[in-house]
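This is structure_28.cif (mmCIF, C-alpha atoms).
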data_start
#
loop_
_atom_site.label_atom_id
_atom_site.label_comp_id
_atom_site.auth_asym_id
_atom_site.auth_seq_id
_atom_site.Cartn_x
_atom_site.Cartn_y
_atom_site.Cartn_z
CA MET A 1 -20.62 12.53 2.55
CA ARG A 2 -19.07 13.82 5.77
CA VAL A 3 -19.78 11.22 8.46
CA PRO A 4 -19.15 10.97 12.23
CA LYS A 5 -17.24 7.76 11.50
CA SER A 6 -16.99 5.24 8.67
CA PRO A 7 -19.44 2.36 9.16
CA ALA A 8 -18.21 -1.13 9.92
CA ALA A 9 -19.53 -4.10 7.95
CA GLY A 10 -23.31 -4.28 8.38
CA GLU A 11 -23.42 -1.01 10.35
CA THR A 12 -25.53 2.04 9.49
CA VAL A 13 -24.14 5.42 10.57
CA SER A 14 -26.45 8.42 10.74
CA GLY A 15 -25.60 12.12 11.02
CA GLY A 16 -23.88 12.46 7.65
CA VAL A 17 -23.82 15.64 5.56
CA PHE A 18 -24.11 15.15 1.79
CA ASP A 19 -22.46 17.44 -0.75
CA PRO A 20 -22.44 16.48 -4.45
CA GLY A 21 -19.66 17.82 -6.62
CA PRO A 22 -17.44 17.08 -9.64
CA GLY A 23 -14.46 14.77 -9.39
CA GLY A 24 -12.48 12.15 -11.28
CA LYS A 25 -8.69 12.02 -11.07
CA GLY A 26 -7.99 13.14 -14.63
CA SER A 27 -10.50 15.97 -14.40
CA ASN A 28 -9.22 17.11 -11.00
CA GLN A 29 -5.62 17.11 -12.21
CA ALA A 30 -6.51 18.98 -15.40
CA ILE A 31 -8.40 21.67 -13.48
CA GLY A 32 -5.62 21.89 -10.89
CA ALA A 33 -3.00 22.44 -13.59
CA ALA A 34 -5.13 25.01 -15.41
CA ARG A 35 -5.64 26.99 -12.20
CA LEU A 36 -1.87 27.12 -11.78
CA GLY A 37 -1.49 28.67 -15.23
CA ALA A 38 -0.89 25.68 -17.50
CA GLU A 39 -2.42 25.21 -20.93
CA VAL A 40 -4.24 21.90 -20.52
CA SER A 41 -5.83 19.43 -22.92
CA LEU A 42 -7.78 16.51 -21.42
CA LEU A 43 -8.61 13.07 -22.78
CA THR A 44 -11.25 11.14 -20.86
CA ALA A 45 -14.71 9.66 -21.43
CA VAL A 46 -18.12 10.70 -20.13
CA GLY A 47 -21.68 9.57 -20.70
CA ASP A 48 -24.44 11.37 -22.56
CA ASP A 49 -26.07 12.34 -19.27
CA ASP A 50 -26.38 15.21 -16.82
CA PHE A 51 -23.05 14.43 -15.17
CA GLY A 52 -21.27 14.37 -18.53
CA ARG A 53 -22.81 17.67 -19.59
CA ALA A 54 -21.96 19.24 -16.24
CA ALA A 55 -18.36 18.07 -16.65
CA ARG A 56 -18.04 19.73 -20.05
CA THR A 57 -19.46 22.97 -18.63
CA LEU A 58 -16.97 22.83 -15.75
CA TRP A 59 -13.99 22.25 -18.07
CA ARG A 60 -15.06 25.17 -20.23
CA GLU A 61 -15.33 27.43 -17.18
CA GLU A 62 -11.94 26.29 -15.88
CA GLY A 63 -10.14 26.71 -19.21
CA VAL A 64 -9.46 23.01 -19.75
CA GLY A 65 -9.40 21.91 -23.40
CA ALA A 66 -11.93 19.08 -23.74
CA GLU A 67 -12.30 18.81 -27.53
CA PHE A 68 -11.03 15.22 -27.50
CA VAL A 69 -13.19 13.96 -24.61
CA VAL A 70 -15.17 10.90 -25.71
CA THR A 71 -18.93 10.62 -25.16
CA THR A 72 -20.23 7.06 -24.69
CA ARG A 73 -23.58 5.36 -24.15
CA THR A 74 -22.38 4.27 -20.72
CA PRO A 75 -23.08 6.54 -17.73
CA THR A 76 -20.46 9.00 -16.56
CA MET A 77 -18.21 7.73 -13.76
CA VAL A 78 -19.41 8.39 -10.22
CA GLY A 79 -17.64 8.02 -6.91
CA PHE A 80 -18.92 7.84 -3.34
CA ILE A 81 -16.62 9.40 -0.75
CA LEU A 82 -16.97 9.06 3.02
CA VAL A 83 -14.98 11.68 4.92
CA GLU A 84 -14.36 11.28 8.67
CA PRO A 85 -13.89 14.21 11.10
CA SER A 86 -10.11 13.67 10.89
CA GLY A 87 -10.25 14.39 7.15
CA GLU A 88 -9.41 10.82 6.17
CA ASN A 89 -11.57 9.35 3.43
CA ARG A 90 -12.83 6.11 1.91
CA ILE A 91 -13.83 6.04 -1.75
CA ALA A 92 -15.79 3.66 -3.99
CA ILE A 93 -15.99 4.26 -7.75
CA ALA A 94 -18.26 3.07 -10.56
CA PRO A 95 -16.07 3.74 -13.65
CA GLY A 96 -18.89 3.67 -16.21
CA ALA A 97 -17.81 5.52 -19.36
CA LEU A 98 -14.15 5.48 -18.32
CA ASP A 99 -14.04 1.75 -18.99
CA GLU A 100 -14.65 2.48 -22.68
CA LEU A 101 -11.57 4.65 -23.14
CA ASP A 102 -9.24 2.65 -25.37
CA ALA A 103 -6.10 2.87 -27.48
CA ALA A 104 -8.10 4.18 -30.45
CA ALA A 105 -9.17 7.19 -28.39
CA VAL A 106 -5.55 7.78 -27.41
CA GLU A 107 -4.57 7.72 -31.08
CA THR A 108 -6.84 10.72 -31.74
CA PHE A 109 -4.99 12.53 -28.93
CA ARG A 110 -1.48 11.78 -30.20
CA ALA A 111 -0.82 15.27 -31.60
CA GLU A 112 -1.81 16.84 -28.27
CA ILE A 113 0.59 14.52 -26.45
CA ALA A 114 3.39 15.35 -28.86
CA SER A 115 2.95 19.11 -28.40
CA ALA A 116 2.89 18.95 -24.59
CA ASP A 117 5.72 19.59 -22.15
CA VAL A 118 4.38 16.94 -19.75
CA LEU A 119 1.91 14.08 -20.22
CA VAL A 120 0.04 13.13 -17.04
CA VAL A 121 -1.74 9.76 -16.94
CA SER A 122 -3.81 8.46 -14.03
CA MET A 123 -5.08 4.91 -13.71
CA GLU A 124 -8.85 5.29 -13.43
CA ILE A 125 -8.81 4.39 -17.13
CA PRO A 126 -8.29 0.90 -18.64
CA GLU A 127 -4.76 -0.48 -18.84
CA GLU A 128 -4.95 -0.43 -22.64
CA ALA A 129 -5.38 3.35 -22.62
CA VAL A 130 -2.70 3.86 -19.95
CA VAL A 131 -0.12 1.92 -21.94
CA ALA A 132 -1.05 3.55 -25.25
CA ALA A 133 -0.84 7.04 -23.78
CA VAL A 134 2.49 6.55 -22.01
CA ARG A 135 3.95 4.88 -25.10
CA ALA A 136 2.76 7.78 -27.29
CA GLY A 137 4.43 10.19 -24.88
CA ARG A 138 7.73 8.33 -25.01
CA GLN A 139 7.62 8.09 -28.81
CA ALA A 140 6.98 11.84 -29.06
CA GLY A 141 9.73 12.74 -26.59
CA THR A 142 7.20 14.19 -24.12
CA ARG A 143 7.99 13.77 -20.44
CA THR A 144 5.67 11.10 -18.98
CA LEU A 145 4.26 11.31 -15.46
CA LEU A 146 2.20 8.37 -14.22
CA ASN A 147 -0.03 8.90 -11.20
CA PRO A 148 -0.68 5.21 -10.38
CA ALA A 149 -4.05 5.54 -8.69
CA PRO A 150 -6.05 3.46 -8.21
CA ALA A 151 -2.99 1.23 -7.95
CA ARG A 152 -2.64 -2.13 -9.68
CA PRO A 153 0.41 -4.07 -10.89
CA LEU A 154 1.85 -2.60 -14.10
CA PRO A 155 2.77 -4.62 -17.19
CA ASP A 156 6.53 -5.13 -17.52
CA ASP A 157 6.76 -3.25 -20.81
CA LEU A 158 5.22 -0.10 -19.30
CA TRP A 159 7.84 0.55 -16.64
CA PRO A 160 10.68 1.72 -18.94
CA LEU A 161 8.34 4.25 -20.61
CA ILE A 162 7.69 6.16 -17.36
CA ASP A 163 9.83 9.23 -16.62
CA VAL A 164 8.23 10.02 -13.24
CA ILE A 165 5.92 7.80 -11.15
CA THR A 166 4.12 9.20 -8.08
CA PRO A 167 2.56 6.59 -5.76
CA ASN A 168 1.71 7.05 -2.11
CA GLN A 169 2.76 4.64 0.62
CA THR A 170 -0.23 2.36 0.06
CA GLU A 171 0.08 2.26 -3.72
CA ALA A 172 3.82 1.57 -3.94
CA PRO A 173 3.73 -2.05 -2.67
CA VAL A 174 0.79 -2.83 -4.98
CA LEU A 175 2.74 -1.58 -7.99
CA LEU A 176 5.71 -3.72 -7.01
CA GLY A 177 3.54 -6.80 -6.49
CA LEU A 178 4.43 -7.08 -2.79
CA GLU A 179 2.31 -8.91 -0.23
CA ASP A 180 1.25 -7.54 3.14
CA GLY A 181 4.10 -7.73 5.60
CA HIS A 182 6.73 -7.21 2.89
CA GLY A 183 8.95 -5.45 5.44
CA LEU A 184 10.36 -2.80 3.10
CA GLY A 185 10.79 0.75 4.35
CA ASP A 186 9.82 3.83 2.35
CA GLU A 187 13.32 4.41 1.03
CA GLU A 188 13.59 0.81 -0.15
CA LEU A 189 10.20 1.10 -1.86
CA VAL A 190 11.04 4.29 -3.70
CA ARG A 191 14.42 2.90 -4.79
CA ALA A 192 12.73 -0.22 -6.15
CA LEU A 193 10.25 1.90 -8.10
CA GLN A 194 13.02 4.05 -9.55
CA GLU A 195 14.96 0.99 -10.63
CA ARG A 196 11.90 -0.37 -12.43
CA THR A 197 11.45 2.82 -14.46
CA GLY A 198 15.06 3.87 -14.91
CA GLY A 199 13.68 7.39 -14.50
CA ALA A 200 12.43 8.90 -11.25
CA ALA A 201 10.01 7.91 -8.49
CA VAL A 202 8.26 10.17 -6.00
CA LEU A 203 6.79 8.48 -2.92
CA THR A 204 4.24 10.75 -1.24
CA ARG A 205 3.91 10.29 2.51
CA GLY A 206 1.20 12.71 3.61
CA GLY A 207 2.28 14.66 6.65
CA GLU A 208 5.78 13.19 6.38
CA GLY A 209 6.52 14.84 3.03
CA ALA A 210 7.91 12.87 0.11
CA LEU A 211 10.91 10.84 -0.99
CA VAL A 212 12.38 11.45 -4.45
CA ALA A 213 14.46 8.69 -6.05
CA GLN A 214 16.57 9.38 -9.12
CA PRO A 215 19.53 7.50 -10.59
CA THR A 216 21.77 9.76 -8.46
CA GLY A 217 20.12 8.75 -5.17
CA VAL A 218 17.20 9.41 -2.81
CA THR A 219 16.35 12.79 -1.30
CA ALA A 220 13.69 13.72 1.25
CA VAL A 221 11.36 16.66 0.60
CA PRO A 222 9.83 17.95 3.84
CA PRO A 223 6.08 18.40 4.21
CA HIS A 224 4.60 21.84 3.71
CA PRO A 225 2.74 23.08 6.80
CA ALA A 226 -0.97 22.50 6.24
CA GLY A 227 -2.70 23.89 9.30
CA THR A 228 -6.01 22.24 10.15
CA VAL A 229 -6.78 19.18 8.00
CA VAL A 230 -10.42 19.26 6.87
CA ASP A 231 -10.57 16.81 3.96
CA THR A 232 -7.75 14.82 2.34
CA THR A 233 -9.84 14.05 -0.77
CA GLY A 234 -8.15 15.48 -3.84
CA ALA A 235 -4.80 16.16 -2.16
CA GLY A 236 -3.05 13.64 -4.40
CA ASP A 237 -4.62 15.15 -7.51
CA SER A 238 -3.58 18.64 -6.42
CA PHE A 239 -0.04 17.38 -5.79
CA THR A 240 0.12 15.71 -9.20
CA ALA A 241 -1.19 18.78 -11.03
CA ALA A 242 1.29 21.11 -9.34
CA LEU A 243 4.16 18.68 -9.93
CA ALA A 244 3.40 18.55 -13.65
CA VAL A 245 3.16 22.34 -13.89
CA ALA A 246 6.45 22.83 -12.06
CA LEU A 247 8.22 20.30 -14.29
CA ALA A 248 6.77 21.97 -17.40
CA GLU A 249 8.18 25.26 -16.12
CA GLY A 250 11.64 23.72 -15.97
CA ARG A 251 12.10 23.23 -12.23
CA ASP A 252 14.25 20.33 -11.13
CA LEU A 253 12.41 17.40 -9.61
CA ASP A 254 13.15 18.17 -5.95
CA GLN A 255 11.96 21.76 -6.38
CA ALA A 256 8.89 20.59 -8.27
CA VAL A 257 7.99 18.16 -5.47
CA GLY A 258 8.28 20.97 -2.92
CA PHE A 259 5.91 23.10 -5.01
CA ALA A 260 3.52 20.16 -5.29
CA ALA A 261 3.65 19.56 -1.53
CA ALA A 262 2.47 23.13 -0.97
CA ALA A 263 -0.47 22.53 -3.33
CA GLY A 264 -1.44 19.37 -1.47
CA ALA A 265 -1.18 21.17 1.86
CA HIS A 266 -3.55 23.86 0.62
CA THR A 267 -6.07 21.30 -0.61
CA VAL A 268 -6.46 19.40 2.66
CA THR A 269 -7.56 22.56 4.48
CA ILE A 270 -10.74 22.95 2.37
CA ALA A 271 -13.72 20.61 2.08
CA GLY A 272 -14.42 19.05 -1.30
CA VAL A 273 -12.13 18.58 -4.27
CA VAL A 274 -12.55 21.20 -6.98
CA PRO A 275 -13.17 24.03 -4.47
CA ALA A 276 -9.91 23.05 -2.76
CA LEU A 277 -7.64 23.11 -5.82
CA PRO A 278 -5.46 26.22 -5.46
CA THR A 279 -5.02 29.06 -7.94
CA ARG A 280 -1.50 30.30 -8.62
CA ASP A 281 -2.06 33.34 -6.39
CA GLN A 282 -3.31 31.16 -3.52
CA LEU A 283 -0.35 28.82 -3.84
CA ASN A 284 2.18 31.65 -4.07
CA ALA A 285 0.66 33.19 -0.94
CA ARG A 286 0.88 29.88 0.93
CA ILE A 287 4.50 29.34 -0.10
CA GLY A 288 5.38 32.90 0.86
CA THR A 289 3.69 32.59 4.25
CA ALA A 290 5.64 29.41 5.04
CA ARG A 291 9.01 31.03 4.45
#
Could you write out this structure as structure tokens?
Amino acid sequence: MRVPKSPAAGETVSGGVFDPGPGGKGSNQAIGAARLGAEVSLLTAVGDDDFGRAARTLWREEGVGAEFVVTTRTPTMVGFILVEPSGENRIAIAPGALDELDAAAVETFRAEIASADVLVVSMEIPEEAVVAAVRAGRQAGTRTLLNPAPARPLPDDLWPLIDVITPNQTEAPVLLGLEDGHGLGDEELVRALQERTGGAAVLTRGGEGALVAQPTGVTAVPPHPAGTVVDTTGAGDSFTAALAVALAEGRDLDQAVGFAAAAGAHTVTIAGVVPALPTRDQLNARIGTAR
């Protein structure tokens, strides 16, 4: 719902405009990657309801492999998104069927993980499934990319299995278990994340671009010019999808982050999530225009 402003506690705000549409981090990222030319297989869970059936139709239309998607008796996940005129958003989620995704479901997906160039895992699913998936990726030698959203502290044994972790500025302190007022700057945060994984960390900073930490040091990737910001919903998913595609294509991490920044910049200029995920032609045009 697009609203004049987000309501305060106990306040009712009128004048909103409602627009239903598909979402879910894993689904958004899968569709985003497919639109950029990747061959994508998705593992998630939906209910035996209208939303679940609509999701399967969408994945089929977008070319996302959904043969391993689990159907449960629990309703499909829904989210409520309030978008302010600035484009900033506030989101509440009822996970529903996602809460039933477990390690056994991941086991059925193991061959898909092993055959992939990149495994992308988001954290709208239970910790059991996150850990099982990332561990399966490491065991198979598949590059693992964890998009830690919604953020929560990670178990100690998960960190060394992550090749690339991609939090934003709000998520990073949560992952590190830091309290408010921790006093660390962005570079200190991204270094701490990289040290935990031993791999790489990408700290996304919205209009300030991103910081990339690798064992060799920290580099800054500038923001891609976005133009008028309409809706920031889905920008992180677009970024993650494009990053995974670029890494699968063999780009180095700094180049891949620049490609992903362009995808995120495209997404914030269009209302909604799925309508805003760029195709390869749209992204190439945006990158070309910025040069």
Sorted by chain and rising residue number, which residues of stretch 174-264 of chain A lie within 7 Å of stretch 25-33 of chain A, and what are their closest atom pairs and distances in Å to one decimal, counting all atoms listed in the file, as a Markdown table?
| residue | atom | partner | partner_atom | distance |
| --- | --- | --- | --- | --- |
| A:Asp237 | CA | A:Gln29 | CA | 5.2 |
| A:Ser238 | CA | A:Gly32 | CA | 5.9 |
| A:Thr240 | CA | A:Gln29 | CA | 6.6 |
| A:Ala241 | CA | A:Ala33 | CA | 4.8 |
| A:Ala242 | CA | A:Ala33 | CA | 6.2 |
| A:Val245 | CA | A:Ala33 | CA | 6.2 |
Could those selected residues go to a file with C-alpha atoms, as a short mmCIF file (atom, residue, chain, number, x, y, z; two decimals), in the frame of the given file?
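What follows is the written file selection_11.cif:
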data_model
loop_
_atom_site.label_atom_id
_atom_site.label_comp_id
_atom_site.auth_asym_id
_atom_site.auth_seq_id
_atom_site.Cartn_x
_atom_site.Cartn_y
_atom_site.Cartn_z
CA ASP A 237 -4.62 15.15 -7.51
CA SER A 238 -3.58 18.64 -6.42
CA THR A 240 0.12 15.71 -9.20
CA ALA A 241 -1.19 18.78 -11.03
CA ALA A 242 1.29 21.11 -9.34
CA VAL A 245 3.16 22.34 -13.89
#
Exercise: stretch 3-16 of chain A partners within 9 Å, all atoms listed in the file, chain neighbours under 6 positions left out, as a PDB file with C-alpha atoms, in the coordinates of the input:
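Here's the written file part13.pdb:
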ATOM      1  CA  LEU A  82     -16.970   9.060   3.020  1.00  0.00           C
ATOM      2  CA  VAL A  83     -14.980  11.680   4.920  1.00  0.00           C
ATOM      3  CA  GLU A  84     -14.360  11.280   8.670  1.00  0.00           C
ATOM      4  CA  PRO A  85     -13.890  14.210  11.100  1.00  0.00           C
ATOM      5  CA  ASN A  89     -11.570   9.350   3.430  1.00  0.00           C
ATOM      6  CA  ARG A  90     -12.830   6.110   1.910  1.00  0.00           C
TER       7      ARG A  90
END
Atom CA of A:Glu187 to atom CA of A:Leu146 measures 19.3 Å
Polymer residues at most 8 Å from A:Gly234, all atoms listed in the file, same-chain spacing of 3 or more positions, as a ChimeraX atom specification: /A:28,237-238,267-268,272-274,276-277
Taking the file as I've supplied it (selection: the PyMOL selection byres ((chain A and resi 104) around 12)), which residues are included? Please answer as a ChimeraX atom specification. /A:43,68,70,100-103,105-110,128-133,136
Explicit residue set for the PyMOL selection byres ((chain A and resi 196-206) around 10), as a ChimeraX atom specification: /A:144-147,156-172,176,186-187,189-195,207-224,232,235-236,239,253-254,257,261,264-265
Starting from the shown file, work through the PyMOL selection byres ((chain A and resi 74) around 6) and note down what comes out as number ranges by chain. A: 47, 72-73, 75, 96-97
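Atom CA of A:Ser122 is found 9.5 Å from atom CA of A:Ala151.
Take the candidates A:Phe18, A:Phe80, A:Phe259, A:Phe51 and check each one against A:Gly288 using all atoms listed in the file; the shortest distance goes to A:Phe259.
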Could you check how far atom CA of A:Ile270 sits from atom CA of A:Arg35, in Å to one decimal?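 Atom-to-atom, atom CA of A:Ile270 and atom CA of A:Arg35 are spaced 16.0 Å apart.
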Nearest to A:Pro148, chosen from A:Gln255, A:Val229, A:Thr71, A:Val174, with all atoms listed in the file counted in the distances: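 Comparing A:Gln255, A:Val229, A:Thr71, A:Val174 against A:Pro148, the winner is A:Val174.
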So that all listed atoms of stretch 196-208 of chain A fit with 6 Å spare on each side, what axis-aligned box centre and edge lengths in Å, to one decimal, would you give as JSON?
{"center_x": 8.1, "center_y": 7.1, "center_z": -4.1, "size_x": 25.9, "size_y": 27.0, "size_z": 33.6}
Find the residue from A:Ala246, A:Val69, A:Leu58, A:Val121 that sits nearest to A:Pro275; use only C-alpha atoms when measuring. A:Leu58
Using all atoms listed in the file, list the residues that have an atom at most 7 Å from (-8.8, 22.7, -20.6), coordinates as in the file, as a PDB file with C-alpha atoms, keeping the file's coordinate frame.
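Written file, result29.pdb:
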ATOM      1  CA  ALA A  30      -6.510  18.980 -15.400  1.00  0.00           C
ATOM      2  CA  ALA A  34      -5.130  25.010 -15.410  1.00  0.00           C
ATOM      3  CA  GLU A  39      -2.420  25.210 -20.930  1.00  0.00           C
ATOM      4  CA  VAL A  40      -4.240  21.900 -20.520  1.00  0.00           C
ATOM      5  CA  SER A  41      -5.830  19.430 -22.920  1.00  0.00           C
ATOM      6  CA  LEU A  42      -7.780  16.510 -21.420  1.00  0.00           C
ATOM      7  CA  TRP A  59     -13.990  22.250 -18.070  1.00  0.00           C
ATOM      8  CA  ARG A  60     -15.060  25.170 -20.230  1.00  0.00           C
ATOM      9  CA  GLU A  62     -11.940  26.290 -15.880  1.00  0.00           C
ATOM     10  CA  GLY A  63     -10.140  26.710 -19.210  1.00  0.00           C
ATOM     11  CA  VAL A  64      -9.460  23.010 -19.750  1.00  0.00           C
ATOM     12  CA  GLY A  65      -9.400  21.910 -23.400  1.00  0.00           C
ATOM     13  CA  ALA A  66     -11.930  19.080 -23.740  1.00  0.00           C
TER      14      ALA A  66
END
